[in-house]
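Here is the structure we will look at.
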Amino acid sequence: MTNIRHAAVRDAAAHHDAVRHDPVAPTRTRRLAPGGSIDAHRHDDHQIVYAGRGVLTITTDAGSWVAPGTRAIWVPAGVVHAHRAYGELDLHLVGLPVTENPLGLDVPTVLAVSPLLRELLIAYTHAEGDGESPERTRLRAVLLDRLRASDAQQPLHLPTPTAPLLRALCAILQADPGDGRTLAELGRQVGASDRTLSRLFRSDLGMTFPQWRTQLRLHHALILLTERTPVTSVAHQCGWSSTSAFIDVFRRTFGHTPGSHPAA
(Lines give C-alpha, C1' and ligand atoms only; values in the text may rest on other atoms or scores of the structure.)
Protein backbone atom coordinates (compact mmCIF):
# COMPACT_ATOMS: atom_id res chain seq x y z
CA MET A 1 0.00 0.00 0.00
CA THR A 2 2.95 2.31 0.62
CA ASN A 3 3.93 2.13 -3.06
CA ILE A 4 0.39 3.07 -4.03
CA ARG A 5 0.48 6.10 -1.74
CA HIS A 6 3.84 7.21 -3.06
CA ALA A 7 2.50 6.91 -6.61
CA ALA A 8 -0.53 9.00 -5.64
CA VAL A 9 1.70 11.67 -4.15
CA ARG A 10 3.75 11.75 -7.36
CA ASP A 11 0.55 12.03 -9.41
CA ALA A 12 -0.59 14.89 -7.19
CA ALA A 13 2.73 16.61 -7.75
CA ALA A 14 2.21 16.36 -11.50
CA HIS A 15 -1.00 18.34 -11.09
CA HIS A 16 0.43 21.06 -8.83
CA ASP A 17 -0.29 23.75 -11.39
CA ALA A 18 -3.97 22.75 -11.48
CA VAL A 19 -4.65 23.23 -7.76
CA ARG A 20 -4.37 26.09 -5.34
CA HIS A 21 -0.89 26.60 -3.90
CA ASP A 22 -0.74 28.05 -0.38
CA PRO A 23 3.01 28.01 0.34
CA VAL A 24 2.70 28.45 4.11
CA ALA A 25 0.51 26.00 6.05
CA PRO A 26 -1.34 28.20 8.55
CA THR A 27 -1.44 27.69 12.29
CA ARG A 28 -4.88 28.76 13.43
CA THR A 29 -8.40 27.68 14.35
CA ARG A 30 -11.12 27.74 11.73
CA ARG A 31 -14.79 26.87 12.02
CA LEU A 32 -16.59 24.99 9.25
CA ALA A 33 -20.37 24.59 9.05
CA PRO A 34 -21.86 21.12 8.45
CA GLY A 35 -21.07 20.10 4.90
CA GLY A 36 -18.48 22.85 4.62
CA SER A 37 -15.30 22.16 2.71
CA ILE A 38 -11.88 23.49 1.75
CA ASP A 39 -11.06 22.76 -1.87
CA ALA A 40 -7.97 20.94 -3.12
CA HIS A 41 -4.73 22.72 -2.30
CA ARG A 42 -1.14 22.09 -1.24
CA HIS A 43 1.44 23.62 1.08
CA ASP A 44 5.22 23.75 1.09
CA ASP A 45 4.98 22.98 4.82
CA HIS A 46 3.76 19.94 6.73
CA GLN A 47 0.43 20.31 8.49
CA ILE A 48 -1.40 18.71 11.39
CA VAL A 49 -5.18 18.91 11.09
CA TYR A 50 -7.39 18.23 14.11
CA ALA A 51 -11.16 18.49 14.52
CA GLY A 52 -11.98 19.60 18.05
CA ARG A 53 -15.60 18.69 17.38
CA GLY A 54 -17.44 17.13 14.46
CA VAL A 55 -15.83 14.69 12.03
CA LEU A 56 -13.22 15.68 9.46
CA THR A 57 -12.36 13.91 6.22
CA ILE A 58 -9.28 14.64 4.15
CA THR A 59 -9.12 13.38 0.57
CA THR A 60 -6.06 12.92 -1.64
CA ASP A 61 -5.42 10.92 -4.78
CA ALA A 62 -4.45 8.01 -2.51
CA GLY A 63 -7.82 7.87 -0.78
CA SER A 64 -9.59 9.44 2.17
CA TRP A 65 -8.81 9.69 5.86
CA VAL A 66 -11.43 10.30 8.54
CA ALA A 67 -10.75 11.78 11.97
CA PRO A 68 -13.11 12.04 14.94
CA GLY A 69 -12.12 13.93 18.09
CA THR A 70 -9.67 11.25 19.23
CA ARG A 71 -7.59 11.46 16.04
CA ALA A 72 -5.65 14.04 14.03
CA ILE A 73 -4.34 13.80 10.48
CA TRP A 74 -0.76 14.42 9.40
CA VAL A 75 -0.54 15.95 5.90
CA PRO A 76 3.03 16.00 4.51
CA ALA A 77 4.38 18.97 2.57
CA GLY A 78 3.43 18.99 -1.10
CA VAL A 79 0.46 16.59 -0.84
CA VAL A 80 -2.63 17.90 -2.61
CA HIS A 81 -5.57 17.53 -0.23
CA ALA A 82 -9.13 18.72 0.40
CA HIS A 83 -11.14 18.94 3.64
CA ARG A 84 -14.81 18.24 4.34
CA ALA A 85 -16.76 18.79 7.56
CA TYR A 86 -19.48 16.61 9.00
CA GLY A 87 -21.28 18.37 11.80
CA GLU A 88 -20.11 21.70 13.20
CA LEU A 89 -16.35 21.52 12.86
CA ASP A 90 -13.71 23.31 14.90
CA LEU A 91 -10.65 22.88 12.71
CA HIS A 92 -7.30 23.25 14.47
CA LEU A 93 -4.43 23.64 12.01
CA VAL A 94 -0.73 23.49 12.88
CA GLY A 95 1.82 24.25 10.17
CA LEU A 96 5.38 22.92 10.49
CA PRO A 97 8.35 23.71 8.24
CA VAL A 98 9.43 20.91 5.94
CA THR A 99 12.54 20.41 8.07
CA GLU A 100 10.41 19.64 11.15
CA ASN A 101 8.86 16.17 10.97
CA PRO A 102 8.43 14.78 14.52
CA LEU A 103 7.31 11.30 13.37
CA GLY A 104 9.28 11.06 10.13
CA LEU A 105 6.09 10.56 8.08
CA ASP A 106 6.01 11.13 4.32
CA VAL A 107 2.41 10.04 3.63
CA PRO A 108 -0.90 11.22 5.14
CA THR A 109 -1.37 9.41 8.45
CA VAL A 110 -3.96 9.28 11.21
CA LEU A 111 -2.52 10.08 14.65
CA ALA A 112 -3.90 9.16 18.05
CA VAL A 113 -4.72 12.26 20.12
CA SER A 114 -4.40 11.90 23.89
CA PRO A 115 -6.31 14.28 26.19
CA LEU A 116 -3.07 16.24 26.75
CA LEU A 117 -2.27 16.47 23.04
CA ARG A 118 -5.83 17.63 22.37
CA GLU A 119 -5.49 20.51 24.83
CA LEU A 120 -2.08 21.45 23.40
CA LEU A 121 -3.45 21.55 19.84
CA ILE A 122 -6.38 23.72 20.90
CA ALA A 123 -4.25 26.08 22.98
CA TYR A 124 -1.51 26.44 20.36
CA THR A 125 -3.91 27.16 17.49
CA HIS A 126 -5.87 29.68 19.57
CA ALA A 127 -2.68 31.51 20.53
CA GLU A 128 -1.80 32.50 16.97
CA GLY A 129 -1.71 36.20 17.80
CA ASP A 130 0.98 35.83 20.44
CA GLY A 131 3.88 35.77 17.96
CA GLU A 132 7.00 33.93 19.08
CA SER A 133 6.71 34.78 22.76
CA PRO A 134 8.62 32.64 25.29
CA GLU A 135 5.32 31.12 26.43
CA ARG A 136 4.35 30.17 22.88
CA THR A 137 7.80 28.73 22.22
CA ARG A 138 7.50 26.50 25.29
CA LEU A 139 3.98 25.45 24.26
CA ARG A 140 5.26 24.50 20.81
CA ALA A 141 8.11 22.47 22.30
CA VAL A 142 5.71 20.46 24.47
CA LEU A 143 3.34 20.00 21.51
CA LEU A 144 6.15 18.57 19.35
CA ASP A 145 7.26 16.32 22.21
CA ARG A 146 3.74 14.90 22.56
CA LEU A 147 3.52 14.42 18.81
CA ARG A 148 6.68 12.32 18.88
CA ALA A 149 5.01 10.13 21.49
CA SER A 150 1.78 9.82 19.50
CA ASP A 151 0.83 6.54 17.85
CA ALA A 152 0.72 6.64 14.05
CA GLN A 153 -2.25 4.58 12.89
CA GLN A 154 -3.89 3.62 9.62
CA PRO A 155 -7.27 2.08 10.56
CA LEU A 156 -9.14 5.15 9.33
CA HIS A 157 -7.68 5.23 5.83
CA LEU A 158 -9.94 4.25 2.94
CA PRO A 159 -7.66 3.81 -0.10
CA THR A 160 -8.93 4.72 -3.57
CA PRO A 161 -8.77 1.91 -6.14
CA THR A 162 -7.04 2.40 -9.48
CA ALA A 163 -8.13 -0.83 -11.19
CA PRO A 164 -11.34 -0.23 -13.24
CA LEU A 165 -13.04 -3.36 -11.88
CA LEU A 166 -12.39 -2.29 -8.30
CA ARG A 167 -13.54 1.25 -9.03
CA ALA A 168 -16.87 -0.14 -10.25
CA LEU A 169 -17.29 -2.46 -7.29
CA CYS A 170 -16.27 0.12 -4.68
CA ALA A 171 -18.63 2.70 -6.19
CA ILE A 172 -21.52 0.28 -5.60
CA LEU A 173 -20.64 -0.06 -1.92
CA GLN A 174 -19.92 3.63 -1.44
CA ALA A 175 -23.44 4.35 -2.70
CA ASP A 176 -24.82 1.86 -0.16
CA PRO A 177 -22.38 0.82 2.61
CA GLY A 178 -25.09 -1.46 3.99
CA ASP A 179 -25.04 -3.66 0.89
CA GLY A 180 -24.37 -7.10 2.36
CA ARG A 181 -23.69 -9.06 -0.82
CA THR A 182 -20.68 -11.33 -0.95
CA LEU A 183 -17.69 -10.62 -3.16
CA ALA A 184 -18.87 -13.32 -5.57
CA GLU A 185 -22.33 -11.72 -5.82
CA LEU A 186 -20.86 -8.27 -6.38
CA GLY A 187 -18.46 -9.77 -8.90
CA ARG A 188 -21.33 -10.98 -11.04
CA GLN A 189 -22.58 -7.39 -11.27
CA VAL A 190 -19.22 -5.98 -12.37
CA GLY A 191 -18.25 -8.98 -14.52
CA ALA A 192 -15.39 -10.54 -12.57
CA SER A 193 -14.83 -13.59 -10.39
CA ASP A 194 -14.39 -13.29 -6.65
CA ARG A 195 -10.87 -14.74 -7.03
CA THR A 196 -9.90 -11.99 -9.49
CA LEU A 197 -11.41 -9.28 -7.30
CA SER A 198 -9.78 -10.65 -4.16
CA ARG A 199 -6.39 -10.58 -5.88
CA LEU A 200 -7.00 -6.99 -7.03
CA PHE A 201 -7.90 -5.83 -3.53
CA ARG A 202 -4.57 -7.12 -2.25
CA SER A 203 -2.43 -5.86 -5.13
CA ASP A 204 -4.17 -2.50 -5.71
CA LEU A 205 -5.23 -1.53 -2.18
CA GLY A 206 -3.01 -3.62 0.07
CA MET A 207 -5.95 -5.05 2.02
CA THR A 208 -8.63 -7.69 1.75
CA PHE A 209 -12.19 -7.05 0.62
CA PRO A 210 -13.61 -7.48 4.17
CA GLN A 211 -11.01 -5.05 5.52
CA TRP A 212 -11.86 -2.43 2.90
CA ARG A 213 -15.60 -2.81 3.45
CA THR A 214 -15.18 -2.47 7.21
CA GLN A 215 -13.21 0.74 6.68
CA LEU A 216 -15.95 2.10 4.45
CA ARG A 217 -18.63 1.23 6.98
CA LEU A 218 -16.71 2.84 9.83
CA HIS A 219 -16.30 6.03 7.78
CA HIS A 220 -20.02 6.10 7.10
CA ALA A 221 -20.86 5.29 10.73
CA LEU A 222 -18.84 8.24 12.02
CA ILE A 223 -20.72 10.58 9.72
CA LEU A 224 -24.13 9.20 10.73
CA LEU A 225 -23.29 9.45 14.44
CA THR A 226 -22.24 13.07 13.96
CA GLU A 227 -25.68 13.65 12.44
CA ARG A 228 -27.22 12.24 15.67
CA THR A 229 -28.48 9.03 14.02
CA PRO A 230 -29.38 6.42 16.69
CA VAL A 231 -26.77 3.68 17.15
CA THR A 232 -29.18 0.89 16.17
CA SER A 233 -30.04 2.69 12.94
CA VAL A 234 -26.35 3.33 12.21
CA ALA A 235 -25.59 -0.38 12.62
CA HIS A 236 -28.39 -1.28 10.22
CA GLN A 237 -27.55 1.36 7.60
CA CYS A 238 -23.89 0.36 7.61
CA GLY A 239 -24.59 -3.34 7.17
CA TRP A 240 -23.61 -4.88 10.49
CA SER A 241 -25.45 -8.08 11.37
CA SER A 242 -26.39 -6.72 14.79
CA THR A 243 -26.04 -3.62 16.92
CA SER A 244 -23.73 -5.47 19.31
CA ALA A 245 -21.43 -6.48 16.44
CA PHE A 246 -21.22 -2.83 15.36
CA ILE A 247 -20.52 -1.64 18.91
CA ASP A 248 -17.73 -4.21 19.27
CA VAL A 249 -15.96 -3.17 16.03
CA PHE A 250 -16.41 0.52 16.82
CA ARG A 251 -15.00 0.16 20.35
CA ARG A 252 -11.96 -1.80 19.14
CA THR A 253 -11.24 0.84 16.47
CA PHE A 254 -11.90 4.08 18.36
CA GLY A 255 -11.47 3.13 22.00
CA HIS A 256 -15.02 4.06 23.02
CA THR A 257 -18.57 3.00 22.23
CA PRO A 258 -20.61 4.68 19.45
CA GLY A 259 -23.11 5.80 22.09
CA SER A 260 -20.42 7.99 23.65
CA HIS A 261 -19.25 9.41 20.32
CA PRO A 262 -19.79 13.19 20.44
CA ALA A 263 -22.40 14.54 18.03
CA ALA A 264 -22.09 17.98 16.51
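Labels used: A, B, ... for chains in the order of the C-alpha coordinates, numbers from 1 for residues in each chain, and numbers from 1 for ligands as shown.
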Within 9 Å of stretch 253-259 of chain A, which residues of stretch 135-230 of chain A show up? Give each one with its shortest atom-to-atom distance in Å (one decimal) and the two atoms involved, counting only C-alpha atoms, rows by chain then rising residue number, as a Markdown table.
```
| residue | atom | partner | partner_atom | distance |
| --- | --- | --- | --- | --- |
| A:Pro155 | CA | A:Thr253 | CA | 7.2 |
| A:Leu156 | CA | A:Thr253 | CA | 8.6 |
| A:Leu218 | CA | A:Thr253 | CA | 8.8 |
| A:Ala221 | CA | A:Pro258 | CA | 8.8 |
| A:Leu222 | CA | A:Pro258 | CA | 8.4 |
| A:Leu225 | CA | A:Pro258 | CA | 7.4 |
| A:Pro230 | CA | A:Gly259 | CA | 8.3 |
```
Practice task
Please identify all polymer residues within 9 Å of A:Leu166, counting only C-alpha atoms, omitting same-chain residues fewer than 5 positions from it, and present them as a list in words.
Solution key: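 With the cut-off at 9 Å, the set is Pro161, Ala171, Val190, Leu197, Leu200, Phe201 and Asp204 of chain A.
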Compile a residue-level contact table for stretch 49-146 of chain A against stretch 16-33 of chain A at a cut-off of 9 Å, reporting for every qualifying residue the shortest atom pair and its distance in Å to one decimal, with only C-alpha atoms counted, rows ordered by chain and ascending number, as JSON lines.
```
{"residue": "A:Ala77", "atom": "CA", "partner": "A:Ala25", "partner_atom": "CA", "distance": 8.7}
{"residue": "A:Gly78", "atom": "CA", "partner": "A:His16", "partner_atom": "CA", "distance": 8.6}
{"residue": "A:Val80", "atom": "CA", "partner": "A:His16", "partner_atom": "CA", "distance": 7.6}
{"residue": "A:Arg84", "atom": "CA", "partner": "A:Leu32", "partner_atom": "CA", "distance": 8.5}
{"residue": "A:Ala85", "atom": "CA", "partner": "A:Leu32", "partner_atom": "CA", "distance": 6.4}
{"residue": "A:Tyr86", "atom": "CA", "partner": "A:Ala33", "partner_atom": "CA", "distance": 8.0}
{"residue": "A:Gly87", "atom": "CA", "partner": "A:Ala33", "partner_atom": "CA", "distance": 6.9}
{"residue": "A:Glu88", "atom": "CA", "partner": "A:Ala33", "partner_atom": "CA", "distance": 5.1}
{"residue": "A:Leu89", "atom": "CA", "partner": "A:Leu32", "partner_atom": "CA", "distance": 5.0}
{"residue": "A:Asp90", "atom": "CA", "partner": "A:Arg31", "partner_atom": "CA", "distance": 4.7}
{"residue": "A:Leu91", "atom": "CA", "partner": "A:Arg30", "partner_atom": "CA", "distance": 5.0}
{"residue": "A:His92", "atom": "CA", "partner": "A:Thr29", "partner_atom": "CA", "distance": 4.6}
{"residue": "A:Leu93", "atom": "CA", "partner": "A:Thr27", "partner_atom": "CA", "distance": 5.0}
{"residue": "A:Val94", "atom": "CA", "partner": "A:Thr27", "partner_atom": "CA", "distance": 4.3}
{"residue": "A:Gly95", "atom": "CA", "partner": "A:Ala25", "partner_atom": "CA", "distance": 4.7}
{"residue": "A:Leu96", "atom": "CA", "partner": "A:Ala25", "partner_atom": "CA", "distance": 7.3}
{"residue": "A:Pro97", "atom": "CA", "partner": "A:Val24", "partner_atom": "CA", "distance": 8.4}
{"residue": "A:Ile122", "atom": "CA", "partner": "A:Thr29", "partner_atom": "CA", "distance": 7.9}
{"residue": "A:Tyr124", "atom": "CA", "partner": "A:Arg28", "partner_atom": "CA", "distance": 8.0}
{"residue": "A:Thr125", "atom": "CA", "partner": "A:Arg28", "partner_atom": "CA", "distance": 4.5}
{"residue": "A:His126", "atom": "CA", "partner": "A:Thr29", "partner_atom": "CA", "distance": 6.1}
{"residue": "A:Ala127", "atom": "CA", "partner": "A:Arg28", "partner_atom": "CA", "distance": 7.9}
{"residue": "A:Glu128", "atom": "CA", "partner": "A:Arg28", "partner_atom": "CA", "distance": 6.0}
```
Practice task
List every residue of stretch 12-152 of chain A that DSSP, applied to the backbone of this structure, assigns to strand (DSSP E or B), and report them as an MDAnalysis selection string.
Solution key: chainID A and resid 20:21 28:32 37:42 46:51 55:60 63:67 71:75 81:86 89:96 109:112 152
Exercise for the section: Kindly give the distance, in Å, that separates atom CA of A:Asp44 and atom CA of A:Leu116, rounded to a single decimal. Expected result: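 Going from atom CA of A:Asp44 over to atom CA of A:Leu116 covers 28.0 Å.
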Exercise for the section: Write out as a ChimeraX atom specification the residues lying within 12 Å of A:Ile172, counting only C-alpha atoms and excluding same-chain residues fewer than 6 positions away. Expected result: /A:165-166,178-181,183,186-187,189-190,213,216
Would you mind exporting N, CA, C and O atoms of the selected residues as a JSON list (two decimals), in the first residue's frame?
```json
[["chain", "number", "residue", "atom", "x", "y", "z"],
["A", 165, "LEU", "N", -12.08, -2.44, -12.49],
["A", 165, "LEU", "CA", -13.04, -3.36, -11.88],
["A", 165, "LEU", "C", -13.29, -3.00, -10.41],
["A", 165, "LEU", "O", -14.43, -3.02, -9.95],
["A", 166, "LEU", "N", -12.23, -2.67, -9.70],
["A", 166, "LEU", "CA", -12.39, -2.29, -8.30],
["A", 166, "LEU", "C", -13.12, -0.96, -8.17],
["A", 166, "LEU", "O", -13.91, -0.76, -7.24],
["A", 178, "GLY", "N", -24.37, -0.36, 3.37],
["A", 178, "GLY", "CA", -25.09, -1.46, 3.99],
["A", 178, "GLY", "C", -25.32, -2.65, 3.08],
["A", 178, "GLY", "O", -25.86, -3.68, 3.51],
["A", 179, "ASP", "N", -24.91, -2.55, 1.83],
["A", 179, "ASP", "CA", -25.04, -3.66, 0.89],
["A", 179, "ASP", "C", -24.27, -4.87, 1.43],
["A", 179, "ASP", "O", -23.05, -4.81, 1.60],
["A", 180, "GLY", "N", -24.99, -5.94, 1.71],
["A", 180, "GLY", "CA", -24.37, -7.10, 2.36],
["A", 180, "GLY", "C", -24.00, -8.23, 1.42],
["A", 180, "GLY", "O", -23.68, -9.34, 1.88],
["A", 181, "ARG", "N", -24.02, -7.99, 0.12],
["A", 181, "ARG", "CA", -23.69, -9.06, -0.82],
["A", 181, "ARG", "C", -22.25, -9.51, -0.69],
["A", 181, "ARG", "O", -21.37, -8.74, -0.31],
["A", 183, "LEU", "N", -18.56, -11.06, -2.07],
["A", 183, "LEU", "CA", -17.69, -10.62, -3.16],
["A", 183, "LEU", "C", -18.07, -11.32, -4.46],
["A", 183, "LEU", "O", -18.02, -10.71, -5.54],
["A", 186, "LEU", "N", -21.22, -9.56, -5.81],
["A", 186, "LEU", "CA", -20.86, -8.27, -6.38],
["A", 186, "LEU", "C", -20.08, -8.45, -7.68],
["A", 186, "LEU", "O", -20.22, -7.67, -8.63],
["A", 187, "GLY", "N", -19.25, -9.49, -7.71],
["A", 187, "GLY", "CA", -18.46, -9.77, -8.90],
["A", 187, "GLY", "C", -19.32, -10.03, -10.12],
["A", 187, "GLY", "O", -18.97, -9.64, -11.24],
["A", 189, "GLN", "N", -22.07, -8.68, -10.77],
["A", 189, "GLN", "CA", -22.58, -7.39, -11.27],
["A", 189, "GLN", "C", -21.53, -6.64, -12.07],
["A", 189, "GLN", "O", -21.86, -5.97, -13.06],
["A", 190, "VAL", "N", -20.27, -6.73, -11.66],
["A", 190, "VAL", "CA", -19.22, -5.98, -12.37],
["A", 190, "VAL", "C", -18.50, -6.83, -13.42],
["A", 190, "VAL", "O", -17.65, -6.32, -14.14],
["A", 213, "ARG", "N", -14.18, -3.08, 3.18],
["A", 213, "ARG", "CA", -15.60, -2.81, 3.45],
["A", 213, "ARG", "C", -15.81, -2.35, 4.89],
["A", 213, "ARG", "O", -16.64, -1.46, 5.15],
["A", 216, "LEU", "N", -14.88, 1.30, 5.04],
["A", 216, "LEU", "CA", -15.95, 2.10, 4.45],
["A", 216, "LEU", "C", -17.11, 2.26, 5.42],
["A", 216, "LEU", "O", -17.65, 3.36, 5.60]]
```
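For the set A:Ser133, A:Thr70, A:Ser193, A:Gln237, the residue with the smallest atom-to-atom gap to A:His220 is A:Gln237, counting only C-alpha atoms.
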Problem - Close residues, A:Thr57 itself excluded, 7 Å, only C-alpha atoms, min 2 positions apart in chain, as a count of residues only - result: 9
Handout entry: Separation of atom CA of A:Gln174 from atom CA of A:Ala112, in Å and rounded to one decimal
Key = 25.8 Å
Problem - alpha helix (DSSP H) per DSSP on the backbone: members of stretch 87-259 of chain A, as an NGL selection string - result: :A and (115-126 or 134-148 or 164-175 or 183-190 or 194-200 or 209-226 or 231-237 or 243-254)
Exercise for the section: Might you pull out every residue within 12 Å of A:Val231, with only C-alpha atoms counted and same-chain residues fewer than 4 positions away left off, and present them as a VMD selection string? Expected result: chain A and resid 221 to 227 235 to 238 240 242 to 247 250 257 to 261 263
Practice task
Excluding A:Leu105 and residues on its chain fewer than 6 positions from it, collect all residues at most 10 Å away from it, counting only C-alpha atoms, and give them as a PyMOL selection string.
Solution key: chain A and resi 46+74-76+152
Kindly save the residues from that selection, with N, CA, C and O atoms included, as a CSV table (one decimal), in the first residue's frame.
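Output saved as part03.csv:
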```
chain,number,residue,atom,x,y,z
A,46,HIS,N,4.6,21.0,6.2
A,46,HIS,CA,3.8,19.9,6.7
A,46,HIS,C,2.6,20.6,7.5
A,46,HIS,O,2.7,21.8,7.9
A,74,TRP,N,-2.0,13.8,9.8
A,74,TRP,CA,-0.8,14.4,9.4
A,74,TRP,C,-0.8,14.5,7.9
A,74,TRP,O,-1.0,13.5,7.2
A,75,VAL,N,-0.6,15.7,7.3
A,75,VAL,CA,-0.5,15.9,5.9
A,75,VAL,C,0.9,16.4,5.5
A,75,VAL,O,1.3,17.5,5.9
A,76,PRO,N,1.7,15.6,4.8
A,76,PRO,CA,3.0,16.0,4.5
A,76,PRO,C,3.1,17.2,3.5
A,76,PRO,O,2.1,17.4,2.8
A,152,ALA,N,1.1,6.5,15.4
A,152,ALA,CA,0.7,6.6,14.0
A,152,ALA,C,-0.1,5.4,13.7
A,152,ALA,O,0.3,4.3,13.9
```
